[in-house]
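These notes concern the structure reproduced below.
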Amino acid sequence: MNGHATPDTEHDTPTLPLLVVEDDPAILELLEEELADAGYPTLTATSAEQALATLSHSEVALVICDVRLPGIDGMQLLERLRREGSSVGFIVITAFGTIDQAVEALKQGADDFLTKPLDLEGLREAVYRVLESRLAPHLASDGAANTFHGIVGESEAMQSLFRDAARLADSDAPMLLLGESGTGKELMARAVHAESPRRDGPFIAVNCASIPAELMESEFFGHVKGAFTGADESRQGLFQAARGGSLFLDEIGEMPVALQAKLLRALQERSVRPVGAEREEAMDVRIIAATHRHLEQEIEEGRFRNDLFYRLETFSLRIPPLREREGDIARLIPALIDKHAGQQDKGIQRIEPAALGALLGYAYPGNVRELENAIMRAVTLAEAGQLCHADLPQRIRDQGEAQRHHCRETRAEGTLANAAARADWPSLEEVEKRYIRKVLEATGGNKRRTAEVLGIARRTLYRRLEEE
């Protein structure tokens, strides 16, 4: 990226689906298949009213809409969406295109204007241009509205988190960050520190699961010379090292119960006693703790103190998993590519459409950490300034292939169901149609391959199917 990666010459693939609004079933199927074959998730509607109902409960990246529709027409739908403040991408399609109509559509806020019969290559290029122009500002954005000290998030879940974090940052009270593994709890802890009055002090992070239990007390509170065998000199602990700043205790659920009691006392008394010392030392540090565990269950099972939990839980933030951050993966991908391309001194200028589609369509059970690791791997393997589908981990490539296969199977089943409903005594024309359908079945619904087997142009095949 370094100047932002753009999709390859085919087309971009959005996180959100495209909404196709067309009352002609054959054209609707043609558009849906073209977009699905390219890796675009799609929703469909056969009227503007149905489209409005879909848009009321589903976010989409782009609307592709016929002008002539029953009831509200495409131009009225566009006008209504713009009047209501929607900035969704919009491509108008009509068989009755004129220069005046094109100008009017663009004035109303359309992004492009195409005429029937559709040039499918032109359609793909138009979708690519609109998505690129509308997605790029979000991908490039690093403004205060979209980030919180480097954490990217435009979803409502993240925007709400940013607001709460900013308010709690001014406090000196302990804070608890909750969330699944890989959601970015340490990043949020660093962001809270950077937002706080302690921003000029140190930020020290420690993973409680990585310190042997027998060394924890000394690591946290320090020790004096001779406090135990091997203590040849006095040593300050993490609380002293973080003086004037913030101490981040990651995976606090792994802390032994005995040490939890001493941590609670330190929080209450605002002082710590190094191992072997006779006097306590004042503590000037804010504690930010984090865990992926359900601490209430840990309390019930005797592995976590309820009084420490209540002390920490007063100021708590939950970091949402990626599956609850609608639209954010599209914002994270370029930011992470920029980060790792910069670290590796590699200029990634393009993303292969299949790679972008796979990254956007994967579920990420490991959350942001899994996404970042996948991108770091892909950047490392990328050549000639392009991040390719083959550069991604196998599990991400496999999921995308499975989804596309399912879409093709669904379309093939629909075609066979329609064929079964036909009359048993065929005319010569019907024999031809049945033959076409048999070939279509044999190719698994792949109309490109069907046209090749029949020796006819794909548009001829679509016309024959439309005549049914």
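Identifiers for the structure tokens are assigned positionally: chains receive A, B, ... in sequence, residues are indexed from 1 per chain, and ligands are indexed from 1 in the order shown.
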Give me the segment 320-394 of chain A side of the contact with segment 109-132 of chain A, cut-off 12 Å, one line per residue showing its nearest atom pair and distance in Å at one decimal, counting only C-alpha atoms, sorted by chain and residue number, as a tab-separated table.
residue	atom	partner	partner_atom	distance
A:Ala330	CA	A:Leu131	CA	11.5
A:Ile351	CA	A:Glu132	CA	12.0
A:Pro353	CA	A:Tyr128	CA	10.0
ask   = Mind checking DSSP for segment 249-443 of chain A and telling me the helix (DSSP H, G or I) residues as number ranges by chain?
value = A: 252-254, 257-269, 295-300, 306-313, 322-324, 328-343, 353-361, 367-381, 389-391, 394-420, 428-442
request  = Have a look at A:Val272, A:Ile348, A:Ala166, A:Ala189 and name the one nearest to Thr380 of chain A; count only C-alpha atoms.
outcome  =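 Closest candidate: A:Ile348.
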Spatial neighbours of Gly179 of chain A, 7 Å, only C-alpha atoms, chain gap at least 3 places, as a ChimeraX atom specification = /A:183,291-292,318-320
With C-alpha atoms kept, could you save the residues just selected as an mmCIF file, in the first residue's frame?
data_model
loop_
_atom_site.group_PDB
_atom_site.id
_atom_site.type_symbol
_atom_site.label_atom_id
_atom_site.label_comp_id
_atom_site.auth_asym_id
_atom_site.auth_seq_id
_atom_site.Cartn_x
_atom_site.Cartn_y
_atom_site.Cartn_z
ATOM 1 C CA THR A 183 -9.532 -8.480 20.067
ATOM 2 C CA THR A 291 -8.705 -11.023 30.585
ATOM 3 C CA HIS A 292 -10.488 -13.207 28.066
ATOM 4 C CA ARG A 318 -15.638 -4.801 26.651
ATOM 5 C CA ILE A 319 -13.677 -5.024 23.390
ATOM 6 C CA PRO A 320 -16.060 -6.428 20.743
#
Close residues, segment 361-366 of chain A itself excluded, 12 Å, only C-alpha atoms, min 3 positions apart in chain, as a PDB file with C-alpha atoms, in the first residue's frame:
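Listed below is the output, part.pdb:
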ATOM      1  CA  THR A  13     -15.027  -6.906  -3.225  1.00  0.00           C
ATOM      2  CA  PRO A  14     -16.803  -5.144  -0.368  1.00  0.00           C
ATOM      3  CA  THR A  15     -17.373  -6.444   3.139  1.00  0.00           C
ATOM      4  CA  LEU A  16     -21.047  -5.560   2.709  1.00  0.00           C
ATOM      5  CA  PRO A  17     -23.255  -7.063  -0.015  1.00  0.00           C
ATOM      6  CA  GLY A  39     -16.857 -12.936  -5.437  1.00  0.00           C
ATOM      7  CA  TYR A  40     -19.376 -10.211  -4.539  1.00  0.00           C
ATOM      8  CA  PRO A  41     -21.995 -11.124  -1.920  1.00  0.00           C
ATOM      9  CA  GLY A 179     -12.879  -9.494  25.457  1.00  0.00           C
ATOM     10  CA  GLU A 180     -12.031 -12.598  23.493  1.00  0.00           C
ATOM     11  CA  SER A 181      -8.439 -13.456  22.656  1.00  0.00           C
ATOM     12  CA  GLY A 182      -7.108 -11.392  19.796  1.00  0.00           C
ATOM     13  CA  THR A 183      -9.532  -8.480  20.067  1.00  0.00           C
ATOM     14  CA  GLY A 184      -6.815  -5.947  20.888  1.00  0.00           C
ATOM     15  CA  PRO A 321     -14.980  -9.344  18.537  1.00  0.00           C
ATOM     16  CA  LEU A 322     -14.664  -8.763  14.793  1.00  0.00           C
ATOM     17  CA  ARG A 323     -17.996 -10.472  14.096  1.00  0.00           C
ATOM     18  CA  GLU A 324     -19.721  -7.614  15.953  1.00  0.00           C
ATOM     19  CA  ARG A 325     -17.807  -4.889  14.100  1.00  0.00           C
ATOM     20  CA  GLU A 326     -19.775  -4.631  10.863  1.00  0.00           C
ATOM     21  CA  GLY A 327     -17.740  -2.992   8.126  1.00  0.00           C
ATOM     22  CA  ILE A 329     -12.616  -5.471   8.385  1.00  0.00           C
ATOM     23  CA  ALA A 330     -12.544  -3.366   5.203  1.00  0.00           C
ATOM     24  CA  PRO A 353      -9.670  -9.280  -6.038  1.00  0.00           C
ATOM     25  CA  ALA A 354      -9.783 -12.931  -4.961  1.00  0.00           C
ATOM     26  CA  ALA A 355      -7.435 -12.122  -2.057  1.00  0.00           C
ATOM     27  CA  LEU A 356      -9.505  -9.170  -0.916  1.00  0.00           C
ATOM     28  CA  GLY A 357     -12.693 -11.194  -1.225  1.00  0.00           C
ATOM     29  CA  ALA A 358     -11.227 -14.013   0.857  1.00  0.00           C
ATOM     30  CA  ARG A 369      -4.822 -10.864  15.840  1.00  0.00           C
ATOM     31  CA  GLU A 370      -5.706 -13.570  13.306  1.00  0.00           C
ATOM     32  CA  LEU A 371      -6.414 -10.970  10.610  1.00  0.00           C
ATOM     33  CA  GLU A 372      -3.120  -9.237  11.288  1.00  0.00           C
ATOM     34  CA  ASN A 373      -1.138 -12.485  11.251  1.00  0.00           C
ATOM     35  CA  ALA A 374      -2.741 -13.444   7.930  1.00  0.00           C
ATOM     36  CA  LEU A 392      -3.068 -16.016   2.229  1.00  0.00           C
ATOM     37  CA  PRO A 393      -3.234 -18.848   4.788  1.00  0.00           C
ATOM     38  CA  GLN A 394      -4.925 -21.985   3.468  1.00  0.00           C
ATOM     39  CA  ARG A 395      -7.853 -21.802   5.909  1.00  0.00           C
ATOM     40  CA  ILE A 396      -8.846 -18.355   4.588  1.00  0.00           C
ATOM     41  CA  ARG A 397      -8.550 -19.465   0.959  1.00  0.00           C
ATOM     42  CA  ASP A 398     -10.588 -22.607   1.660  1.00  0.00           C
ATOM     43  CA  GLN A 399     -13.495 -20.759   3.265  1.00  0.00           C
ATOM     44  CA  GLY A 400     -13.880 -18.469   0.263  1.00  0.00           C
ATOM     45  CA  GLU A 401     -13.881 -21.433  -2.131  1.00  0.00           C
ATOM     46  CA  ALA A 402     -16.509 -23.213  -0.023  1.00  0.00           C
ATOM     47  CA  GLN A 403     -18.782 -20.161  -0.088  1.00  0.00           C
ATOM     48  CA  ARG A 404     -18.520 -19.779  -3.867  1.00  0.00           C
TER      49      ARG A 404
END
request  = Pick out the residues sitting within 10 Å of Gly245 of chain A, and hand them over as JSON, numbers by chain; count only C-alpha atoms, and ignore anything fewer than 4 positions along from it in its own chain.
outcome  = {"A": [193, 194, 196, 197, 198, 199, 200, 201, 202, 203, 204, 239, 240, 241, 284, 285, 286, 287]}
With N, CA and C atoms kept, could you save the residues just selected as a PDB file, in the first residue's frame?
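Heads up, here's the output in selection23.pdb:
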ATOM      1  N   HIS A 193      -4.007   4.810  28.055  1.00  0.00           N
ATOM      2  CA  HIS A 193      -2.843   5.488  28.650  1.00  0.00           C
ATOM      3  C   HIS A 193      -2.489   6.754  27.867  1.00  0.00           C
ATOM      4  N   ALA A 194      -2.486   6.653  26.543  1.00  0.00           N
ATOM      5  CA  ALA A 194      -2.140   7.811  25.709  1.00  0.00           C
ATOM      6  C   ALA A 194      -3.160   8.931  25.836  1.00  0.00           C
ATOM      7  N   SER A 196      -4.784   9.552  28.667  1.00  0.00           N
ATOM      8  CA  SER A 196      -4.886   9.922  30.075  1.00  0.00           C
ATOM      9  C   SER A 196      -3.880  11.010  30.470  1.00  0.00           C
ATOM     10  N   PRO A 197      -4.052  11.614  31.644  1.00  0.00           N
ATOM     11  CA  PRO A 197      -3.062  12.579  32.143  1.00  0.00           C
ATOM     12  C   PRO A 197      -1.692  11.947  32.399  1.00  0.00           C
ATOM     13  N   ARG A 198      -1.624  10.614  32.425  1.00  0.00           N
ATOM     14  CA  ARG A 198      -0.356   9.918  32.659  1.00  0.00           C
ATOM     15  C   ARG A 198       0.397   9.629  31.358  1.00  0.00           C
ATOM     16  N   ARG A 199      -0.062  10.207  30.266  1.00  0.00           N
ATOM     17  CA  ARG A 199       0.494   9.869  28.944  1.00  0.00           C
ATOM     18  C   ARG A 199       2.005  10.059  28.852  1.00  0.00           C
ATOM     19  N   ASP A 200       2.566  10.991  29.638  1.00  0.00           N
ATOM     20  CA  ASP A 200       4.012  11.233  29.580  1.00  0.00           C
ATOM     21  C   ASP A 200       4.811  10.279  30.458  1.00  0.00           C
ATOM     22  N   GLY A 201       4.099   9.473  31.258  1.00  0.00           N
ATOM     23  CA  GLY A 201       4.772   8.486  32.099  1.00  0.00           C
ATOM     24  C   GLY A 201       4.929   7.170  31.359  1.00  0.00           C
ATOM     25  N   PRO A 202       5.577   6.190  31.970  1.00  0.00           N
ATOM     26  CA  PRO A 202       5.803   4.902  31.299  1.00  0.00           C
ATOM     27  C   PRO A 202       4.526   4.079  31.184  1.00  0.00           C
ATOM     28  N   PHE A 203       4.480   3.262  30.149  1.00  0.00           N
ATOM     29  CA  PHE A 203       3.434   2.247  30.017  1.00  0.00           C
ATOM     30  C   PHE A 203       4.140   0.902  30.023  1.00  0.00           C
ATOM     31  N   ILE A 204       3.866   0.100  31.036  1.00  0.00           N
ATOM     32  CA  ILE A 204       4.534  -1.198  31.163  1.00  0.00           C
ATOM     33  C   ILE A 204       3.482  -2.295  31.102  1.00  0.00           C
ATOM     34  N   PHE A 239       5.596  -2.337  39.689  1.00  0.00           N
ATOM     35  CA  PHE A 239       4.877  -1.180  40.214  1.00  0.00           C
ATOM     36  C   PHE A 239       5.796   0.028  40.316  1.00  0.00           C
ATOM     37  N   GLN A 240       7.025  -0.194  40.757  1.00  0.00           N
ATOM     38  CA  GLN A 240       7.965   0.919  40.862  1.00  0.00           C
ATOM     39  C   GLN A 240       8.420   1.386  39.483  1.00  0.00           C
ATOM     40  N   ALA A 241       8.624   0.441  38.559  1.00  0.00           N
ATOM     41  CA  ALA A 241       9.077   0.806  37.215  1.00  0.00           C
ATOM     42  C   ALA A 241       8.033   1.618  36.473  1.00  0.00           C
ATOM     43  N   ASP A 284       2.380   5.051  42.776  1.00  0.00           N
ATOM     44  CA  ASP A 284       1.865   6.093  41.880  1.00  0.00           C
ATOM     45  C   ASP A 284       1.741   5.495  40.477  1.00  0.00           C
ATOM     46  N   VAL A 285       0.724   4.670  40.308  1.00  0.00           N
ATOM     47  CA  VAL A 285       0.550   3.976  39.038  1.00  0.00           C
ATOM     48  C   VAL A 285      -0.933   3.657  38.843  1.00  0.00           C
ATOM     49  N   ARG A 286      -1.378   3.701  37.605  1.00  0.00           N
ATOM     50  CA  ARG A 286      -2.748   3.271  37.308  1.00  0.00           C
ATOM     51  C   ARG A 286      -2.698   1.834  36.805  1.00  0.00           C
ATOM     52  N   ILE A 287      -3.571   1.013  37.350  1.00  0.00           N
ATOM     53  CA  ILE A 287      -3.644  -0.387  36.948  1.00  0.00           C
ATOM     54  C   ILE A 287      -4.719  -0.554  35.878  1.00  0.00           C
TER      55      ILE A 287
END
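You will find atom CA of Ala289 of chain A at 9.9 Å from atom CA of Asn207 of chain A.
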ask   = Would you give me, as a ChimeraX atom specification, the residues in segment 131-328 of chain A that DSSP reads as strand (DSSP E or B)?
value = /A:147-148,151-152,175-178,203-207,223,235,246-250,271-272,275,281-282,286-291,316-318
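One finds atom CA of His389 of chain A at 6.5 Å from atom CA of Glu352 of chain A.
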task = Could you tell me which of A:Ala382, A:Leu176, A:Val88, A:Phe248 comes closest to Leu308 of chain A if we count only C-alpha atoms?
result =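 Nearest candidate to Leu308 of chain A out of A:Ala382, A:Leu176, A:Val88, A:Phe248: A:Leu176.
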query = If you count only C-alpha atoms, which residues fall within 10 Å of Arg311 of chain A, apart from same-chain ones fewer than 6 positions away, as a list in words?
reply = Ala173, Pro174, Met175, Leu176, Leu264, Leu267 and Gln268 of chain A
Dump as a PDB file, in the first residue's frame, selection limited to N, CA and C atoms:
ATOM      1  N   ALA A 173      -8.592   5.545  38.549  1.00  0.00           N
ATOM      2  CA  ALA A 173      -9.063   4.297  39.138  1.00  0.00           C
ATOM      3  C   ALA A 173      -8.650   3.107  38.271  1.00  0.00           C
ATOM      4  N   PRO A 174      -8.543   1.919  38.892  1.00  0.00           N
ATOM      5  CA  PRO A 174      -8.229   0.725  38.107  1.00  0.00           C
ATOM      6  C   PRO A 174      -9.274   0.484  37.019  1.00  0.00           C
ATOM      7  N   MET A 175      -8.850  -0.154  35.934  1.00  0.00           N
ATOM      8  CA  MET A 175      -9.751  -0.423  34.813  1.00  0.00           C
ATOM      9  C   MET A 175      -9.597  -1.880  34.404  1.00  0.00           C
ATOM     10  N   LEU A 176     -10.712  -2.481  33.992  1.00  0.00           N
ATOM     11  CA  LEU A 176     -10.711  -3.875  33.541  1.00  0.00           C
ATOM     12  C   LEU A 176     -11.168  -3.913  32.086  1.00  0.00           C
ATOM     13  N   LEU A 264      -4.916  -6.588  45.585  1.00  0.00           N
ATOM     14  CA  LEU A 264      -6.073  -5.858  46.105  1.00  0.00           C
ATOM     15  C   LEU A 264      -5.642  -4.892  47.199  1.00  0.00           C
ATOM     16  N   LEU A 267      -3.973  -1.872  45.730  1.00  0.00           N
ATOM     17  CA  LEU A 267      -4.938  -0.950  45.118  1.00  0.00           C
ATOM     18  C   LEU A 267      -5.676  -0.143  46.179  1.00  0.00           C
ATOM     19  N   GLN A 268      -5.997  -0.781  47.272  1.00  0.00           N
ATOM     20  CA  GLN A 268      -6.741  -0.102  48.330  1.00  0.00           C
ATOM     21  C   GLN A 268      -5.865   0.890  49.098  1.00  0.00           C
TER      22      GLN A 268
END
